[in-house]
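Undergrad: Let me begin by handing over the structure; questions about it come next.
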Amino acid sequence: MDILRYTFFQHALTGSLLIAIACGIVGTYVVSRRFVFISGGITHASFGGLGLGFYLGINPFLTALGFAALSAFGVEWVSRSYRVREDSAIAAVWSLGMAVGAICIVMTPGYAPNLSSYLFGNILTITRSDLIWTAMFTLVLCLFFACMHREIIYTAFDRDFASTQRIRVKAIEYVMTLFIAITIVLSIRLAGIMLLMSLLTIPQMTVNLFTSDYRRIVAGSIILGFLACLAGLFLSFFLQIPTGAFIIIILIFCFLAAKGILSLSSSFASK
């Protein structure tokens, strides 16, 4: 437990809690709206923003946020305005972001940045300023969900019914899309671009095995996500393996274990 005295590990624990809260709220909306593929497209498109930030010599997370937001709104706009299939628009944005990122990184003068921390995550490198921005965003997200949870739930499950209840569905969708983009960019430090989709979906899938209540899925996803981050942090520190990859392995193991327990219990109940 001596590692808890290190500042970088304290930052990692705090960042894990904040990201678990954000991913729990946003991920439940993503799974309910069946936006998993869109979140994957936004995640990989943000790689273009990272590369552009390195090339221009500015904070790569600011440019990644811009790329993620533009990609999210771009997919919505193209699919609705030009009658392009949504999955086709996502594939185009996905490929464009990765291509732009690769080109910008190759053209960046000097030493190439360490891409492994962005592709596979390394929350041990999170800084105090990162924590401040993440905490501010998580607070705004929690306040928005607390005030608008009814509207969010209606929009997530049935936007047509939500429209009949005089809910501003488009406004809710655009705000939640922006929150998805910001959550993805802030979570890159934890799970990386390649693994981030799992952090937004696996906790929700696991909790959904036991309950269909939206609020309980959010709460359970936050708890499960944070516990997986704790286990992943400690084990990756001692085993010297990537933190993000280990967290995803733990989450998948929890899902399979829960699925197995439910299958066994149902078989015993039938007998």
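Labels for the structure tokens follow display order: chains A, B, ..., residues from 1 in each chain, ligands from 1.
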Can you list, as a PyMOL selection string, every protein, DNA or RNA residue that comes within 9 Å of A:Phe61 when you count only C-alpha atoms, leaving out same-chain residues fewer than 4 positions away?

TA: chain A and resi 46+49-50+53+65-66+185-186

Undergrad: Go ahead and write the residues just picked, N, CA, C and O atoms, as an mmCIF file, in the first residue's frame.

TA:
```cif
data_model
loop_
_atom_site.group_PDB
_atom_site.id
_atom_site.type_symbol
_atom_site.label_atom_id
_atom_site.label_comp_id
_atom_site.auth_asym_id
_atom_site.auth_seq_id
_atom_site.Cartn_x
_atom_site.Cartn_y
_atom_site.Cartn_z
ATOM 1 N N SER A 46 -10.982 10.945 -33.181
ATOM 2 C CA SER A 46 -10.216 11.846 -32.312
ATOM 3 C C SER A 46 -8.717 11.659 -32.480
ATOM 4 O O SER A 46 -7.932 12.548 -32.122
ATOM 5 N N GLY A 49 -7.363 14.441 -34.378
ATOM 6 C CA GLY A 49 -7.129 15.637 -33.575
ATOM 7 C C GLY A 49 -5.849 15.558 -32.770
ATOM 8 O O GLY A 49 -5.132 16.555 -32.613
ATOM 9 N N LEU A 50 -5.545 14.359 -32.257
ATOM 10 C CA LEU A 50 -4.285 14.191 -31.525
ATOM 11 C C LEU A 50 -3.091 14.459 -32.429
ATOM 12 O O LEU A 50 -2.154 15.179 -32.060
ATOM 13 N N GLY A 53 -2.761 18.140 -33.218
ATOM 14 C CA GLY A 53 -2.226 18.883 -32.086
ATOM 15 C C GLY A 53 -0.712 18.743 -31.974
ATOM 16 O O GLY A 53 -0.007 19.728 -31.713
ATOM 17 N N LEU A 65 -10.576 17.000 -28.946
ATOM 18 C CA LEU A 65 -11.947 17.330 -28.571
ATOM 19 C C LEU A 65 -12.685 17.969 -29.736
ATOM 20 O O LEU A 65 -13.852 17.646 -30.004
ATOM 21 N N GLY A 66 -12.002 18.875 -30.450
ATOM 22 C CA GLY A 66 -12.610 19.497 -31.617
ATOM 23 C C GLY A 66 -12.941 18.477 -32.691
ATOM 24 O O GLY A 66 -14.038 18.494 -33.273
ATOM 25 N N VAL A 185 -12.794 11.816 -25.202
ATOM 26 C CA VAL A 185 -11.471 12.457 -25.205
ATOM 27 C C VAL A 185 -10.839 12.395 -23.813
ATOM 28 O O VAL A 185 -9.635 12.112 -23.677
ATOM 29 N N LEU A 186 -11.628 12.660 -22.777
ATOM 30 C CA LEU A 186 -11.084 12.631 -21.423
ATOM 31 C C LEU A 186 -10.708 11.215 -20.979
ATOM 32 O O LEU A 186 -9.844 11.046 -20.117
#
```

Undergrad: Report, in Å to a single decimal, how far apart atom CA of A:Met194 and atom CA of A:Phe237 are.

TA: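 Atom CA of A:Met194 lies 20.5 Å from atom CA of A:Phe237.
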
Undergrad: Taking only C-alpha atoms into account, which of A:Thr164, A:Gly57, A:Ser212, A:Gln240 comes nearest A:Gly110?

TA: A:Gly57

Undergrad: Can you tell me, as a ChimeraX atom specification, what residues are no more than 8 Å from A:Leu52 when counting only C-alpha atoms, ignoring any on the same chain fewer than 4 positions away?

TA: /A:48,56,60,63,100-101,104-105

Undergrad: Could the residues in this selection be written to a file with all heavy atoms, as a short mmCIF file (atom, residue, chain, number, x, y, z; two decimals), in the first residue's frame?

TA:
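Okay, again-v1.cif is ready:
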```
data_model
loop_
_atom_site.label_atom_id
_atom_site.label_comp_id
_atom_site.auth_asym_id
_atom_site.auth_seq_id
_atom_site.Cartn_x
_atom_site.Cartn_y
_atom_site.Cartn_z
N GLY A 48 -7.21 11.78 -35.22
CA GLY A 48 -6.82 12.85 -36.14
C GLY A 48 -6.55 14.15 -35.39
O GLY A 48 -5.61 14.89 -35.72
N LEU A 56 0.87 20.87 -34.83
CA LEU A 56 0.78 22.32 -34.63
C LEU A 56 1.47 22.78 -33.35
O LEU A 56 1.62 23.98 -33.12
CB LEU A 56 -0.68 22.76 -34.61
CG LEU A 56 -1.48 22.51 -35.90
CD1 LEU A 56 -2.92 22.93 -35.72
CD2 LEU A 56 -0.84 23.27 -37.07
N PRO A 60 -2.72 18.50 -27.57
CA PRO A 60 -3.41 17.55 -28.46
C PRO A 60 -4.82 17.21 -28.01
O PRO A 60 -5.67 16.85 -28.83
CB PRO A 60 -2.50 16.32 -28.45
CG PRO A 60 -1.72 16.43 -27.20
CD PRO A 60 -1.53 17.88 -26.95
N THR A 63 -7.36 19.71 -29.60
CA THR A 63 -7.67 19.42 -31.00
C THR A 63 -8.43 18.09 -31.12
O THR A 63 -9.30 17.95 -31.99
CB THR A 63 -6.38 19.35 -31.82
OG1 THR A 63 -5.44 18.47 -31.18
CG2 THR A 63 -5.75 20.73 -31.95
N VAL A 100 -5.77 11.16 -41.04
CA VAL A 100 -5.24 12.50 -40.72
C VAL A 100 -4.25 12.42 -39.57
O VAL A 100 -3.18 13.05 -39.59
CB VAL A 100 -6.39 13.46 -40.39
CG1 VAL A 100 -5.85 14.78 -39.84
CG2 VAL A 100 -7.24 13.72 -41.62
N GLY A 101 -4.57 11.62 -38.55
CA GLY A 101 -3.67 11.48 -37.41
C GLY A 101 -2.33 10.88 -37.81
O GLY A 101 -1.27 11.35 -37.38
N CYS A 104 -0.27 13.52 -39.87
CA CYS A 104 0.23 14.62 -39.04
C CYS A 104 1.37 14.16 -38.13
O CYS A 104 2.34 14.90 -37.94
CB CYS A 104 -0.90 15.21 -38.20
SG CYS A 104 -2.12 16.14 -39.15
N ILE A 105 1.26 12.95 -37.59
CA ILE A 105 2.32 12.46 -36.70
C ILE A 105 3.61 12.22 -37.48
O ILE A 105 4.71 12.53 -37.02
CB ILE A 105 1.84 11.19 -35.99
CG1 ILE A 105 0.79 11.55 -34.95
CG2 ILE A 105 3.01 10.45 -35.33
CD1 ILE A 105 0.14 10.38 -34.28
#
```

Undergrad: Write out as a list in words the residues lying within 12 Å of A:Asn208, counting only C-alpha atoms and excluding same-chain residues fewer than 4 positions away.

TA: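 Close residues of A:Asn208: Thr28, Val31, Ser32, Thr201, Ile202, Pro203, Gln204, Ser212, Asp213, Tyr214, Arg215, Arg216, Ile217, Val218, Ala219, Gly220, Ser221, Leu224, Phe255, Ala258, Lys259 and Leu262 of chain A.
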
Undergrad: Taking into account only C-alpha atoms, which residue in the set A:Gln10, A:Thr43, A:Asn122, A:Thr108 is nearest to A:Phe246?

TA: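 Ranked by minimum distance to A:Phe246, first place goes to A:Asn122.
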
Undergrad: Find the residue from A:Gly192, A:Gly97, A:Gly225, A:Gly51 that sits nearest to A:Ile19; use only C-alpha atoms when measuring.

TA: A:Gly225

Undergrad: I'd like the contact shell of A:Arg34 - 10 Å cut-off, only C-alpha atoms, skipping same-chain residues fewer than 5 positions apart - returned as a compact mmCIF listing (two decimals) with N, CA, C and O atoms, in the first residue's frame.

TA:
```txt
# COMPACT_ATOMS: atom_id res chain seq x y z
N THR A 28 -24.36 4.40 -20.53
CA THR A 28 -25.73 3.87 -20.46
C THR A 28 -26.59 4.47 -21.56
O THR A 28 -27.40 3.77 -22.18
N TYR A 29 -26.41 5.76 -21.82
CA TYR A 29 -27.13 6.40 -22.93
C TYR A 29 -26.69 5.81 -24.27
O TYR A 29 -27.52 5.55 -25.15
N SER A 39 -19.96 5.75 -31.17
CA SER A 39 -18.93 6.08 -30.19
C SER A 39 -17.56 5.57 -30.65
O SER A 39 -16.53 6.21 -30.42
N ALA A 156 -33.64 8.26 -24.92
CA ALA A 156 -32.78 7.11 -25.15
C ALA A 156 -33.57 5.90 -25.64
O ALA A 156 -33.11 5.17 -26.52
N PHE A 157 -34.78 5.71 -25.12
CA PHE A 157 -35.53 4.51 -25.44
C PHE A 157 -36.53 4.70 -26.59
O PHE A 157 -36.73 3.79 -27.39
```

Undergrad: Considering only C-alpha atoms, can you say which of A:Ile126, A:Phe54, A:Ile247, A:Asp158 comes closest to A:Val106?

TA: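 Nearest to A:Val106: A:Phe54.
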
Undergrad: Given the choices A:Tyr174, A:Phe35, A:Phe179, A:Phe120, which gets closest to A:Ala191 if the distance is worked out from only C-alpha atoms?

TA: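 For A:Ala191, the nearest of the candidates is A:Phe120.
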